[in-house]
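To be precise, the following lines are start20.cif, and they hold mmCIF, C-alpha atoms.
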data_model
loop_
_atom_site.label_atom_id
_atom_site.label_comp_id
_atom_site.auth_asym_id
_atom_site.auth_seq_id
_atom_site.Cartn_x
_atom_site.Cartn_y
_atom_site.Cartn_z
CA MET F 1 -61.37 -37.49 -4.55
CA SER F 2 -64.24 -39.64 -5.71
CA ASN F 3 -64.73 -43.21 -4.58
CA VAL F 4 -63.36 -42.70 -1.10
CA GLU F 5 -65.29 -43.90 1.93
CA PHE F 6 -65.23 -42.16 5.29
CA ILE F 7 -65.88 -43.23 8.85
CA ALA F 8 -65.20 -41.51 12.17
CA PRO F 9 -65.05 -44.15 14.90
CA THR F 10 -65.11 -43.13 18.55
CA SER F 11 -62.89 -45.88 19.97
CA PRO F 12 -59.33 -46.93 19.03
CA GLU F 13 -60.40 -50.55 18.66
CA GLN F 14 -63.12 -49.67 16.15
CA ALA F 15 -60.56 -47.64 14.20
CA ALA F 16 -58.06 -50.53 14.09
CA LYS F 17 -60.78 -52.92 12.95
CA ALA F 18 -61.88 -50.55 10.18
CA LEU F 19 -58.31 -49.94 9.02
CA LEU F 20 -57.66 -53.68 8.81
CA ALA F 21 -60.92 -54.37 6.99
CA GLY F 22 -60.27 -51.50 4.59
CA GLY F 23 -57.13 -53.15 3.21
CA PRO F 24 -54.12 -51.34 1.75
CA GLY F 25 -56.22 -48.33 0.66
CA ALA F 26 -57.35 -47.60 4.22
CA ARG F 27 -55.71 -44.61 5.87
CA PRO F 28 -56.03 -42.96 9.27
CA LEU F 29 -56.88 -39.25 9.07
CA GLY F 30 -55.44 -36.79 11.56
CA GLY F 31 -55.15 -33.21 10.34
CA GLY F 32 -55.15 -34.30 6.70
CA THR F 33 -52.53 -31.79 5.58
CA ASP F 34 -50.51 -34.57 3.95
CA LEU F 35 -53.17 -37.25 3.41
CA LEU F 36 -55.77 -35.15 1.59
CA VAL F 37 -53.13 -33.61 -0.69
CA GLN F 38 -51.79 -37.07 -1.56
CA LEU F 39 -55.27 -38.48 -2.21
CA ARG F 40 -56.23 -35.54 -4.37
CA SER F 41 -53.06 -35.69 -6.44
CA GLY F 42 -53.55 -39.42 -7.00
CA ARG F 43 -50.26 -40.24 -5.28
CA LEU F 44 -52.28 -42.43 -2.91
CA PRO F 45 -55.10 -44.61 -4.21
CA ALA F 46 -58.62 -43.78 -3.04
CA GLY F 47 -59.83 -46.01 -0.25
CA LEU F 48 -61.25 -45.82 3.23
CA ILE F 49 -60.51 -42.73 5.33
CA VAL F 50 -60.69 -43.43 9.07
CA ASP F 51 -60.92 -40.12 10.95
CA LEU F 52 -59.22 -40.45 14.35
CA LYS F 53 -60.37 -37.11 15.73
CA ARG F 54 -63.58 -38.44 17.33
CA ILE F 55 -61.50 -40.80 19.51
CA PRO F 56 -61.08 -38.99 22.85
CA GLU F 57 -57.48 -40.19 23.44
CA ALA F 58 -56.42 -38.97 20.00
CA ILE F 59 -56.97 -35.31 20.89
CA GLY F 60 -55.34 -33.20 23.58
CA ILE F 61 -52.31 -33.04 25.86
CA ARG F 62 -52.33 -34.89 29.19
CA GLN F 63 -49.71 -34.84 31.96
CA ASP F 64 -48.90 -38.21 33.48
CA GLY F 65 -46.48 -37.72 36.36
CA GLY F 66 -43.71 -35.78 34.67
CA ALA F 67 -44.49 -37.22 31.26
CA PHE F 68 -46.62 -35.60 28.58
CA VAL F 69 -49.04 -37.72 26.52
CA ILE F 70 -50.07 -36.05 23.28
CA GLY F 71 -53.04 -37.41 21.33
CA ALA F 72 -52.10 -38.44 17.80
CA SER F 73 -54.38 -35.94 16.08
CA THR F 74 -53.70 -32.95 18.33
CA PRO F 75 -53.04 -29.98 16.04
CA GLY F 76 -49.68 -28.21 16.28
CA ILE F 77 -51.17 -24.94 17.46
CA THR F 78 -52.44 -26.68 20.61
CA LEU F 79 -48.83 -27.50 21.53
CA SER F 80 -47.81 -23.85 21.25
CA GLU F 81 -50.60 -22.89 23.66
CA HIS F 82 -49.62 -25.43 26.35
CA LYS F 83 -47.36 -23.59 28.83
CA ALA F 84 -46.10 -26.60 30.79
CA LEU F 85 -45.23 -28.50 27.61
CA GLY F 86 -43.39 -25.48 26.21
CA LEU F 87 -41.33 -25.16 29.40
CA ALA F 88 -40.43 -28.86 29.53
CA TRP F 89 -39.92 -29.52 25.80
CA PRO F 90 -39.35 -26.22 23.99
CA GLY F 91 -37.46 -27.98 21.18
CA VAL F 92 -40.30 -30.38 20.42
CA VAL F 93 -42.81 -27.53 20.40
CA GLU F 94 -40.70 -25.25 18.19
CA ALA F 95 -40.03 -28.09 15.76
CA THR F 96 -43.74 -28.87 15.44
CA ASN F 97 -44.64 -25.21 15.05
CA LEU F 98 -42.21 -24.88 12.12
CA ILE F 99 -44.52 -27.07 10.02
CA GLY F 100 -46.46 -25.00 7.50
CA SER F 101 -48.65 -21.95 7.93
CA THR F 102 -51.07 -20.90 10.69
CA GLN F 103 -53.77 -22.75 8.73
CA VAL F 104 -51.67 -25.93 8.61
CA GLN F 105 -50.89 -25.58 12.33
CA GLY F 106 -54.63 -25.58 12.97
CA ARG F 107 -54.81 -29.12 11.61
CA ALA F 108 -51.43 -30.84 11.28
CA SER F 109 -50.37 -33.26 14.03
CA MET F 110 -47.04 -34.68 15.22
CA ALA F 111 -48.22 -38.27 14.71
CA GLY F 112 -49.25 -37.41 11.16
CA ASN F 113 -45.87 -35.80 10.55
CA LEU F 114 -44.24 -38.97 11.89
CA CYS F 115 -46.38 -41.49 9.98
CA ASN F 116 -46.12 -39.58 6.69
CA ALA F 117 -42.52 -40.81 6.98
CA SER F 118 -40.80 -37.93 5.23
CA PRO F 119 -37.06 -37.84 6.03
CA ALA F 120 -37.45 -34.05 6.35
CA ALA F 121 -40.35 -34.10 8.86
CA ASP F 122 -39.57 -31.27 11.27
CA SER F 123 -41.08 -32.69 14.46
CA VAL F 124 -39.38 -36.07 14.18
CA PRO F 125 -35.72 -35.21 14.99
CA ALA F 126 -36.95 -33.30 18.06
CA LEU F 127 -39.11 -36.27 19.13
CA VAL F 128 -36.29 -38.76 18.56
CA ALA F 129 -33.85 -36.60 20.55
CA ALA F 130 -36.51 -36.37 23.27
CA ARG F 131 -36.62 -40.22 23.36
CA ALA F 132 -40.35 -40.05 22.75
CA THR F 133 -42.39 -43.22 22.30
CA CYS F 134 -45.61 -44.05 20.46
CA LEU F 135 -48.61 -45.96 21.71
CA ILE F 136 -49.71 -48.04 18.74
CA VAL F 137 -53.15 -49.60 18.51
CA GLY F 138 -53.83 -52.48 16.15
CA PRO F 139 -56.08 -55.48 15.60
CA ASP F 140 -54.00 -57.51 18.08
CA GLY F 141 -54.08 -54.89 20.84
CA ARG F 142 -51.68 -52.19 21.93
CA ARG F 143 -47.90 -51.90 21.87
CA THR F 144 -45.30 -49.23 22.50
CA ALA F 145 -42.51 -48.35 20.06
CA THR F 146 -39.79 -45.72 19.84
CA VAL F 147 -40.42 -42.82 17.49
CA GLU F 148 -37.34 -43.71 15.41
CA SER F 149 -38.71 -47.21 14.73
CA ILE F 150 -41.81 -45.91 12.91
CA ALA F 151 -40.38 -44.66 9.59
CA VAL F 152 -38.40 -47.30 7.71
CA ALA F 153 -37.97 -45.54 4.34
CA PRO F 154 -39.34 -42.39 2.71
CA GLY F 155 -43.15 -42.74 2.83
CA LYS F 156 -43.00 -46.19 4.46
CA THR F 157 -43.63 -47.13 8.10
CA SER F 158 -43.20 -50.23 10.24
CA LEU F 159 -46.89 -50.17 11.17
CA ALA F 160 -48.69 -53.46 10.39
CA PRO F 161 -52.07 -53.53 8.59
CA GLY F 162 -54.72 -52.07 10.90
CA GLU F 163 -52.18 -50.41 13.18
CA PHE F 164 -52.06 -46.69 13.87
CA VAL F 165 -50.38 -44.34 16.37
CA LEU F 166 -52.84 -43.25 19.07
CA GLU F 167 -50.56 -41.25 21.37
CA ILE F 168 -47.05 -39.84 21.53
CA ARG F 169 -45.40 -39.87 24.94
CA LEU F 170 -42.64 -37.50 26.01
CA PRO F 171 -40.90 -39.03 29.03
CA ALA F 172 -40.53 -37.43 32.45
CA ARG F 173 -37.20 -35.67 32.70
CA PRO F 174 -35.01 -34.35 35.49
CA GLY F 175 -34.40 -30.65 36.12
CA ARG F 176 -31.51 -29.00 34.28
CA SER F 177 -32.67 -30.53 31.02
CA GLY F 178 -33.24 -28.69 27.77
CA ASP F 179 -33.87 -29.38 24.11
CA ALA F 180 -33.74 -27.49 20.83
CA TYR F 181 -34.46 -28.03 17.15
CA LEU F 182 -33.07 -26.07 14.22
CA ARG F 183 -33.58 -26.52 10.52
CA SER F 184 -32.07 -24.98 7.43
CA ILE F 185 -34.31 -23.73 4.64
CA PRO F 186 -33.48 -21.17 1.94
CA ARG F 187 -36.16 -18.78 3.23
CA THR F 188 -37.65 -17.81 6.60
CA GLU F 189 -40.94 -19.77 6.54
CA MET F 190 -43.10 -22.26 4.66
CA ASP F 191 -40.49 -24.66 3.38
CA ILE F 192 -39.25 -28.22 3.78
CA ALA F 193 -36.10 -28.78 5.82
CA VAL F 194 -32.89 -29.15 3.83
CA VAL F 195 -31.34 -30.31 7.11
CA GLY F 196 -32.81 -30.52 10.62
CA ALA F 197 -31.09 -31.13 13.96
CA GLY F 198 -32.63 -31.89 17.36
CA VAL F 199 -30.57 -31.95 20.56
CA ASN F 200 -31.74 -32.92 24.07
CA LEU F 201 -29.41 -32.50 27.07
CA THR F 202 -29.41 -33.08 30.82
CA LEU F 203 -26.79 -31.41 33.06
CA ASP F 204 -25.56 -32.08 36.58
CA ALA F 205 -25.32 -29.35 39.24
CA ALA F 206 -21.88 -28.31 37.95
CA GLY F 207 -23.12 -27.92 34.40
CA VAL F 208 -21.54 -31.10 33.05
CA ILE F 209 -23.69 -32.91 30.47
CA THR F 210 -24.77 -36.27 31.91
CA GLU F 211 -27.12 -37.33 29.11
CA ALA F 212 -27.30 -36.24 25.48
CA HIS F 213 -29.35 -37.21 22.45
CA VAL F 214 -28.83 -35.89 18.92
CA ALA F 215 -31.10 -36.59 15.94
CA LEU F 216 -30.63 -35.41 12.37
CA GLY F 217 -33.30 -34.94 9.71
CA ALA F 218 -33.16 -34.85 5.89
CA VAL F 219 -29.65 -36.31 5.78
CA GLY F 220 -30.69 -39.94 5.25
CA PRO F 221 -33.74 -41.98 4.20
CA THR F 222 -35.07 -41.74 7.77
CA VAL F 223 -34.25 -39.51 10.74
CA ILE F 224 -30.87 -40.50 12.19
CA LEU F 225 -30.29 -40.97 15.92
CA ALA F 226 -26.65 -39.88 16.02
CA THR F 227 -25.31 -41.72 19.08
CA ALA F 228 -21.64 -40.92 18.48
CA ALA F 229 -22.52 -37.24 18.14
CA ALA F 230 -24.38 -37.39 21.45
CA ALA F 231 -21.46 -39.20 23.10
CA ALA F 232 -19.18 -36.32 22.08
CA LEU F 233 -21.16 -34.06 24.43
CA VAL F 234 -21.47 -36.30 27.51
CA GLY F 235 -19.01 -35.37 30.26
CA THR F 236 -18.44 -31.88 28.80
CA LYS F 237 -19.88 -28.42 29.32
CA ALA F 238 -20.55 -28.06 25.57
CA ASP F 239 -17.29 -26.15 25.24
CA GLU F 240 -15.67 -25.41 21.88
CA ALA F 241 -13.73 -28.70 21.78
CA ALA F 242 -16.84 -30.74 22.55
CA LEU F 243 -18.82 -28.84 19.93
CA ALA F 244 -16.10 -29.53 17.34
CA ASN F 245 -16.29 -33.24 18.17
CA LEU F 246 -20.09 -33.09 17.95
CA ASP F 247 -19.85 -31.37 14.57
CA ALA F 248 -17.50 -34.03 13.19
CA ALA F 249 -19.55 -36.93 14.58
CA ALA F 250 -22.80 -35.45 13.24
CA ARG F 251 -21.25 -35.10 9.77
CA ALA F 252 -19.98 -38.68 9.95
CA ALA F 253 -23.52 -39.91 10.71
CA CYS F 254 -25.01 -38.30 7.58
CA ASN F 255 -26.01 -40.29 4.52
CA PRO F 256 -27.86 -37.72 2.40
CA ILE F 257 -28.90 -37.55 -1.21
CA SER F 258 -28.29 -34.61 -3.52
CA ASP F 259 -31.46 -33.04 -4.86
CA LYS F 260 -32.88 -29.64 -5.79
CA ARG F 261 -32.93 -28.62 -2.13
CA GLY F 262 -29.24 -29.22 -1.52
CA THR F 263 -26.24 -31.34 -2.40
CA ALA F 264 -25.07 -34.18 -0.18
CA GLU F 265 -21.91 -32.18 0.64
CA PHE F 266 -23.90 -29.10 1.62
CA ARG F 267 -26.33 -31.10 3.75
CA THR F 268 -23.51 -32.87 5.55
CA LYS F 269 -21.70 -29.65 6.38
CA ILE F 270 -24.89 -27.93 7.56
CA ALA F 271 -25.83 -30.91 9.74
CA GLY F 272 -22.66 -30.34 11.77
CA VAL F 273 -23.32 -26.61 12.06
CA LEU F 274 -26.96 -27.06 13.12
CA ALA F 275 -26.05 -29.76 15.64
CA ARG F 276 -23.56 -27.35 17.25
CA ARG F 277 -26.03 -24.48 17.36
CA ALA F 278 -28.91 -26.63 18.63
CA ALA F 279 -26.61 -28.07 21.33
CA THR F 280 -25.66 -24.56 22.44
CA ILE F 281 -29.32 -23.52 22.68
CA ALA F 282 -30.30 -26.75 24.48
CA TYR F 283 -27.41 -26.25 26.92
CA GLY F 284 -28.54 -22.70 27.70
CA ARG F 285 -32.09 -23.89 28.29
CA ALA F 286 -30.95 -26.76 30.53
CA GLU F 287 -28.92 -24.33 32.68
CA LYS F 288 -32.04 -22.25 33.30
CA ARG F 289 -34.35 -25.09 34.32
CA MET U 1 -70.10 -43.30 -6.51
CA SER U 2 -69.69 -43.33 -2.77
CA LYS U 3 -72.64 -43.00 -0.48
CA ARG U 4 -73.43 -39.41 0.48
CA GLN U 5 -73.58 -38.60 4.17
CA HIS U 6 -76.03 -36.26 5.86
CA ILE U 7 -74.15 -33.50 7.68
CA SER U 8 -75.43 -31.02 10.27
CA ALA U 9 -73.16 -28.13 11.18
CA THR U 10 -73.24 -24.46 12.18
CA VAL U 11 -72.09 -21.95 9.58
CA ASN U 12 -71.76 -18.29 10.61
CA GLY U 13 -74.05 -18.98 13.55
CA ASP U 14 -76.82 -20.61 11.52
CA PRO U 15 -77.61 -24.33 11.60
CA VAL U 16 -77.13 -25.89 8.16
CA GLU U 17 -77.69 -29.35 6.71
CA PHE U 18 -76.29 -30.79 3.52
CA LEU U 19 -75.41 -34.06 1.83
CA ALA U 20 -71.70 -34.65 1.31
CA GLU U 21 -69.75 -37.09 -0.82
CA PRO U 22 -67.11 -38.65 1.49
CA GLY U 23 -64.35 -37.26 -0.74
CA ALA U 24 -65.76 -33.73 -1.01
CA THR U 25 -63.95 -30.96 0.80
CA LEU U 26 -65.51 -28.47 3.18
CA LEU U 27 -64.69 -25.86 0.53
CA ASP U 28 -66.76 -27.83 -2.02
CA ALA U 29 -69.67 -28.00 0.42
CA LEU U 30 -69.52 -24.30 1.28
CA ARG U 31 -69.38 -23.21 -2.35
CA ASP U 32 -71.49 -25.79 -4.15
CA ASP U 33 -74.02 -26.96 -1.57
CA LEU U 34 -74.43 -23.90 0.65
CA GLY U 35 -73.86 -21.22 -2.00
CA LEU U 36 -71.18 -19.49 0.06
CA THR U 37 -68.76 -18.65 -2.75
CA GLY U 38 -66.68 -16.12 -0.81
CA SER U 39 -64.11 -18.78 0.10
CA LYS U 40 -61.98 -19.38 -2.99
CA GLU U 41 -60.11 -22.38 -4.31
CA GLY U 42 -56.61 -21.28 -5.26
CA CYS U 43 -54.27 -24.25 -4.99
CA GLY U 44 -56.39 -26.99 -3.44
CA SER U 45 -53.34 -28.16 -1.49
CA GLY U 46 -53.22 -25.89 1.55
CA ASP U 47 -50.51 -23.60 0.21
CA CYS U 48 -52.35 -20.39 -0.72
CA GLY U 49 -54.91 -19.75 2.03
CA ALA U 50 -57.63 -18.44 -0.32
CA CYS U 51 -60.09 -20.95 1.20
CA SER U 52 -59.34 -20.01 4.85
CA VAL U 53 -62.21 -20.50 7.28
CA ILE U 54 -62.41 -20.81 11.07
CA LEU U 55 -63.39 -24.31 12.18
CA ASP U 56 -64.29 -24.66 15.89
CA GLY U 57 -62.17 -21.57 16.57
CA ARG U 58 -59.16 -22.70 14.54
CA LEU U 59 -58.00 -21.11 11.30
CA VAL U 60 -57.80 -23.85 8.64
CA CYS U 61 -57.73 -24.29 4.88
CA SER U 62 -61.21 -25.55 3.96
CA CYS U 63 -59.68 -27.35 0.95
CA LEU U 64 -57.84 -29.60 3.45
CA VAL U 65 -60.92 -30.45 5.49
CA LEU U 66 -63.41 -33.06 4.36
CA ALA U 67 -67.01 -31.86 4.31
CA VAL U 68 -68.00 -34.91 6.36
CA GLU U 69 -65.59 -33.83 9.09
CA ALA U 70 -67.78 -30.76 9.69
CA GLU U 71 -70.51 -32.86 11.37
CA GLY U 72 -71.44 -31.03 14.59
CA ARG U 73 -68.70 -28.42 14.07
CA ARG U 74 -68.83 -24.62 13.94
CA VAL U 75 -67.63 -22.96 10.71
CA GLU U 76 -67.04 -19.23 10.22
CA THR U 77 -66.54 -17.90 6.70
CA ILE U 78 -66.02 -14.51 5.07
CA GLU U 79 -69.80 -14.25 4.61
CA GLY U 80 -70.20 -13.96 8.39
CA MET U 81 -67.75 -11.11 8.80
CA ALA U 82 -69.83 -8.00 8.02
CA GLU U 83 -72.90 -7.26 10.11
CA GLY U 84 -75.55 -6.69 7.47
CA SER U 85 -74.33 -3.71 5.44
CA LYS U 86 -71.81 -2.67 8.12
CA LEU U 87 -68.35 -3.83 7.16
CA HIS U 88 -65.99 -5.34 9.72
CA PRO U 89 -63.15 -2.89 10.53
CA LEU U 90 -60.73 -5.19 8.68
CA GLN U 91 -62.87 -5.01 5.54
CA GLN U 92 -63.14 -1.23 5.85
CA LYS U 93 -59.37 -0.85 6.31
CA PHE U 94 -58.64 -3.13 3.35
CA LEU U 95 -60.71 -0.72 1.23
CA GLU U 96 -59.11 2.41 2.68
CA HIS U 97 -55.56 1.09 2.24
CA ALA U 98 -56.30 -0.41 -1.18
CA ALA U 99 -55.07 -3.72 0.23
CA LEU U 100 -56.37 -5.68 -2.74
CA GLN U 101 -56.16 -5.66 -6.49
CA CYS U 102 -57.69 -8.72 -8.15
CA GLY U 103 -59.36 -9.68 -4.86
CA PHE U 104 -59.05 -13.46 -5.14
CA CYS U 105 -56.94 -13.78 -1.98
CA THR U 106 -58.92 -11.15 -0.06
CA PRO U 107 -61.61 -13.31 1.62
CA GLY U 108 -58.96 -15.71 2.89
CA LEU U 109 -56.73 -12.88 4.08
CA LEU U 110 -59.62 -11.21 5.89
CA VAL U 111 -60.61 -14.45 7.64
CA SER U 112 -56.96 -15.10 8.60
CA ALA U 113 -56.50 -11.55 9.82
CA LYS U 114 -59.69 -11.81 11.89
CA ALA U 115 -58.41 -15.03 13.47
CA LEU U 116 -55.14 -13.21 14.27
CA LEU U 117 -56.87 -10.26 15.94
CA ASP U 118 -59.25 -12.55 17.83
CA ALA U 119 -56.22 -14.39 19.27
CA ASN U 120 -53.89 -11.38 19.57
CA PRO U 121 -55.52 -7.92 19.48
CA ASP U 122 -52.16 -6.13 19.55
CA PRO U 123 -49.80 -7.99 17.20
CA THR U 124 -46.44 -6.63 16.13
CA GLU U 125 -45.93 -6.22 12.40
CA THR U 126 -43.63 -9.24 12.47
CA GLU U 127 -46.29 -11.35 14.21
CA ALA U 128 -48.87 -10.26 11.66
CA ARG U 129 -46.55 -11.13 8.76
CA TYR U 130 -45.79 -14.59 10.15
CA TRP U 131 -49.44 -15.28 10.94
CA LEU U 132 -50.48 -14.31 7.40
CA ALA U 133 -47.61 -16.17 5.70
CA GLY U 134 -50.05 -18.91 4.67
CA ASN U 135 -52.09 -16.46 2.57
CA LEU U 136 -50.54 -15.78 -0.80
CA CYS U 137 -51.25 -12.57 -2.71
CA ARG U 138 -49.77 -12.12 -6.16
CA CYS U 139 -50.89 -8.48 -6.60
CA THR U 140 -50.21 -6.25 -3.65
CA GLY U 141 -46.74 -7.13 -2.44
CA TYR U 142 -48.32 -7.50 1.03
CA ASP U 143 -47.35 -4.08 2.43
CA LYS U 144 -50.78 -2.56 1.99
CA ILE U 145 -52.37 -5.67 3.52
CA ILE U 146 -50.14 -5.44 6.58
CA ARG U 147 -50.86 -1.71 6.94
CA ALA U 148 -54.60 -2.39 6.75
CA VAL U 149 -54.37 -5.17 9.35
CA MET U 150 -52.31 -3.05 11.76
CA ASP U 151 -54.68 -0.10 11.31
CA ALA U 152 -57.75 -2.28 11.87
CA ALA U 153 -56.12 -3.76 14.99
CA ALA U 154 -55.55 -0.26 16.37
CA GLU U 155 -59.13 0.72 15.65
CA LEU U 156 -60.54 -2.42 17.25
CA ARG U 157 -58.45 -1.86 20.38
CA GLN U 158 -59.73 1.70 20.72
CA GLU U 159 -63.31 0.46 20.48
CA LYS U 160 -62.78 -1.82 23.43
CA VAL U 161 -61.42 0.92 25.73
#

Exercise: express the given structure as structure tokens:
Amino acid sequence: MSNVEFIAPTSPEQAAKALLAGGPGARPLGGGTDLLVQLRSGRLPAGLIVDLKRIPEAIGIRQDGGAFVIGASTPGITLSEHKALGLAWPGVVEATNLIGSTQVQGRASMAGNLCNASPAADSVPALVAARATCLIVGPDGRRTATVESIAVAPGKTSLAPGEFVLEIRLPARPGRSGDAYLRSIPRTEMDIAVVGAGVNLTLDAAGVITEAHVALGAVGPTVILATAAAAALVGTKADEAALANLDAAARAACNPISDKRGTAEFRTKIAGVLARRAATIAYGRAEKR
Amino acid sequence: MSKRQHISATVNGDPVEFLAEPGATLLDALRDDLGLTGSKEGCGSGDCGACSVILDGRLVCSCLVLAVEAEGRRVETIEGMAEGSKLHPLQQKFLEHAALQCGFCTPGLLVSAKALLDANPDPTETEARYWLAGNLCRCTGYDKIIRAVMDAAAELRQEKV
């Protein structure tokens, strides 16, 4: 990696200014577990690396009312150590902790996983199901966007020149809510999702689902917010009939490719199965909260 | 050629200073500038764990850290593990269990195992296997490594009683 430049600004505004001035080769650096590999392989051209980790807001987990605000460059292992976050959003935490090894968890961040824009990013379906939002900083100031609006195609984001994600916000949620994320890989660890499914549910006192969100990964060019699949759960107790409807609606939402990891047919079938299983886990968690 | 940056950091408890190319990795700096060649470059992409070091208390692959990121940070490497000629219990147990053959993965595995036992002095075998899943070994088949780690953990716990 010769001919790269490096700066580590301490304010978001300085970072946005540097990213804009650096042109198309300028990249924000979080944990670097994707960026440094891509720079070294030549997949990305050498340019300006803007390290976000000296910006105070970019690191750490803060509670804001019932919401959780997670700094963009917070490493995954920090999420697993945060008890309150794990109780409120176990699905988001388990999805993030599935990414890579212990070493990768010591560096890799959710915002990096999101902005790398892989359709198979493990944390993203869980974040989309959680209805998480991003605080984006850019040369023209700050704006908020949904997580699902960030990736627009594999490796491509909707962020404008100079813009970067500073924080991810998980909204406050009522009691009797639970989430879960499951992925399918051909081994037990250290692999890229063939299919991923995130489910987030809220129940009423009688155990009827009042709100549901379902997101599917690696079955389309970007993570899919499967609204019909979620609608199949609302008003039910996640009984067998509801789960069958969820399964069918999840499969109908898929638009996968066939590649060495799995055929389109396989991915579609597994998406339905994982949605069912994740919904069952999320339901059990919601009952206990 | 990019402009080199002056970096001050702490390595194995000692203050160090070096000049780093912006694109150089922490692994490059440790090996080439500081002469600490215990950390190995296996894959250079964060897959094999041979370059594992502890950065501000976190286990990381030093091939996926830029040297310039180490400014003001604390780095622990395999060279800091033994106290003089007295091996760390993990190192001793690796020898006793013959938990290495070619040895290329061994520094990274020892650093990772130390990070595990620092965080969790009494891991289950399953926890140890998951924690060490980011350290590849093409010789041993892992069983001897796991036995050495579990044995070292038991010995370290007894010392604390």

Q: Quick one: apply the PyMOL selection byres ((chain U) within 8 of (chain F)) to the file and drop the selected residues here as an MDAnalysis selection string.
A: chainID U and resid 1:3 21:24 44:46 49 52 58:61 64:65 68 130:134

Q | Picked residues, the PyMOL selection byres ((chain U and resi 75) around 10), as a PyMOL selection string | A | chain U and resi 9-14+26+30+53-59+62+70+72-74+76-77+80

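For the set U:Pro15, U:Leu100, U:His6, U:Leu34, the residue with the smallest atom-to-atom gap to Cys139 (chain U) is U:Leu100, counting only C-alpha atoms.
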
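With CA of Pro154 (chain F) on one side and CA of Asn113 (chain F) on the other, the separation reads 12.1 Å.
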
Q) Care to translate the PyMOL selection byres ((chain F and resi 133) around 9) into actual residues of this file, as number ranges by chain? A) F: 127-128, 131-132, 134-135, 144-148, 167-171

Q) At a cut-off of 12 Å from (-66.1, -4.1, 4.3) in the coordinates of the file, what residues are picked up using all atoms listed in the file, written as an MDAnalysis selection string? A) chainID U and resid 78:99 106:107 110 148 152

Q. By how many Å are CA of Ala242 (chain F) and CA of Pro256 (chain F) apart?
A.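 Taking CA of Ala242 (chain F) as the start and CA of Pro256 (chain F) as the end point, the length is 24.0 Å.
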
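Atom to atom, CA of Ala58 (chain F) and CA of Ala15 (chain F) stand 11.2 Å apart.
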
Q | Residue nearest Leu27 (chain U) among U:Glu41, U:Asp122, U:Glu69, U:Glu127 (counting all atoms listed in the file) | A |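 Smallest separation from Leu27 (chain U) among the options: U:Glu41.
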
Q. Which residue out of U:Gly141, U:Cys63, U:Glu155, U:Lys40 has the minimum interatomic distance to Phe104 (chain U) when all atoms listed in the file are used?
A. U:Lys40

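With only C-alpha atoms as the atoms that count, the residue of F:Ala130, F:Leu20, F:Leu201, F:Val152 with the shortest distance to Thr222 (chain F) is F:Val152.
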
Centre, edges in Å (one decimal): axis-aligned box, region 71-83 of chain U, 3 Å padding on all six sides, as lines of an AutoDock Vina configuration file:
center_x = -69.5
center_y = -20.1
center_z = 9.6
size_x = 12.9
size_y = 31.6
size_z = 16.0
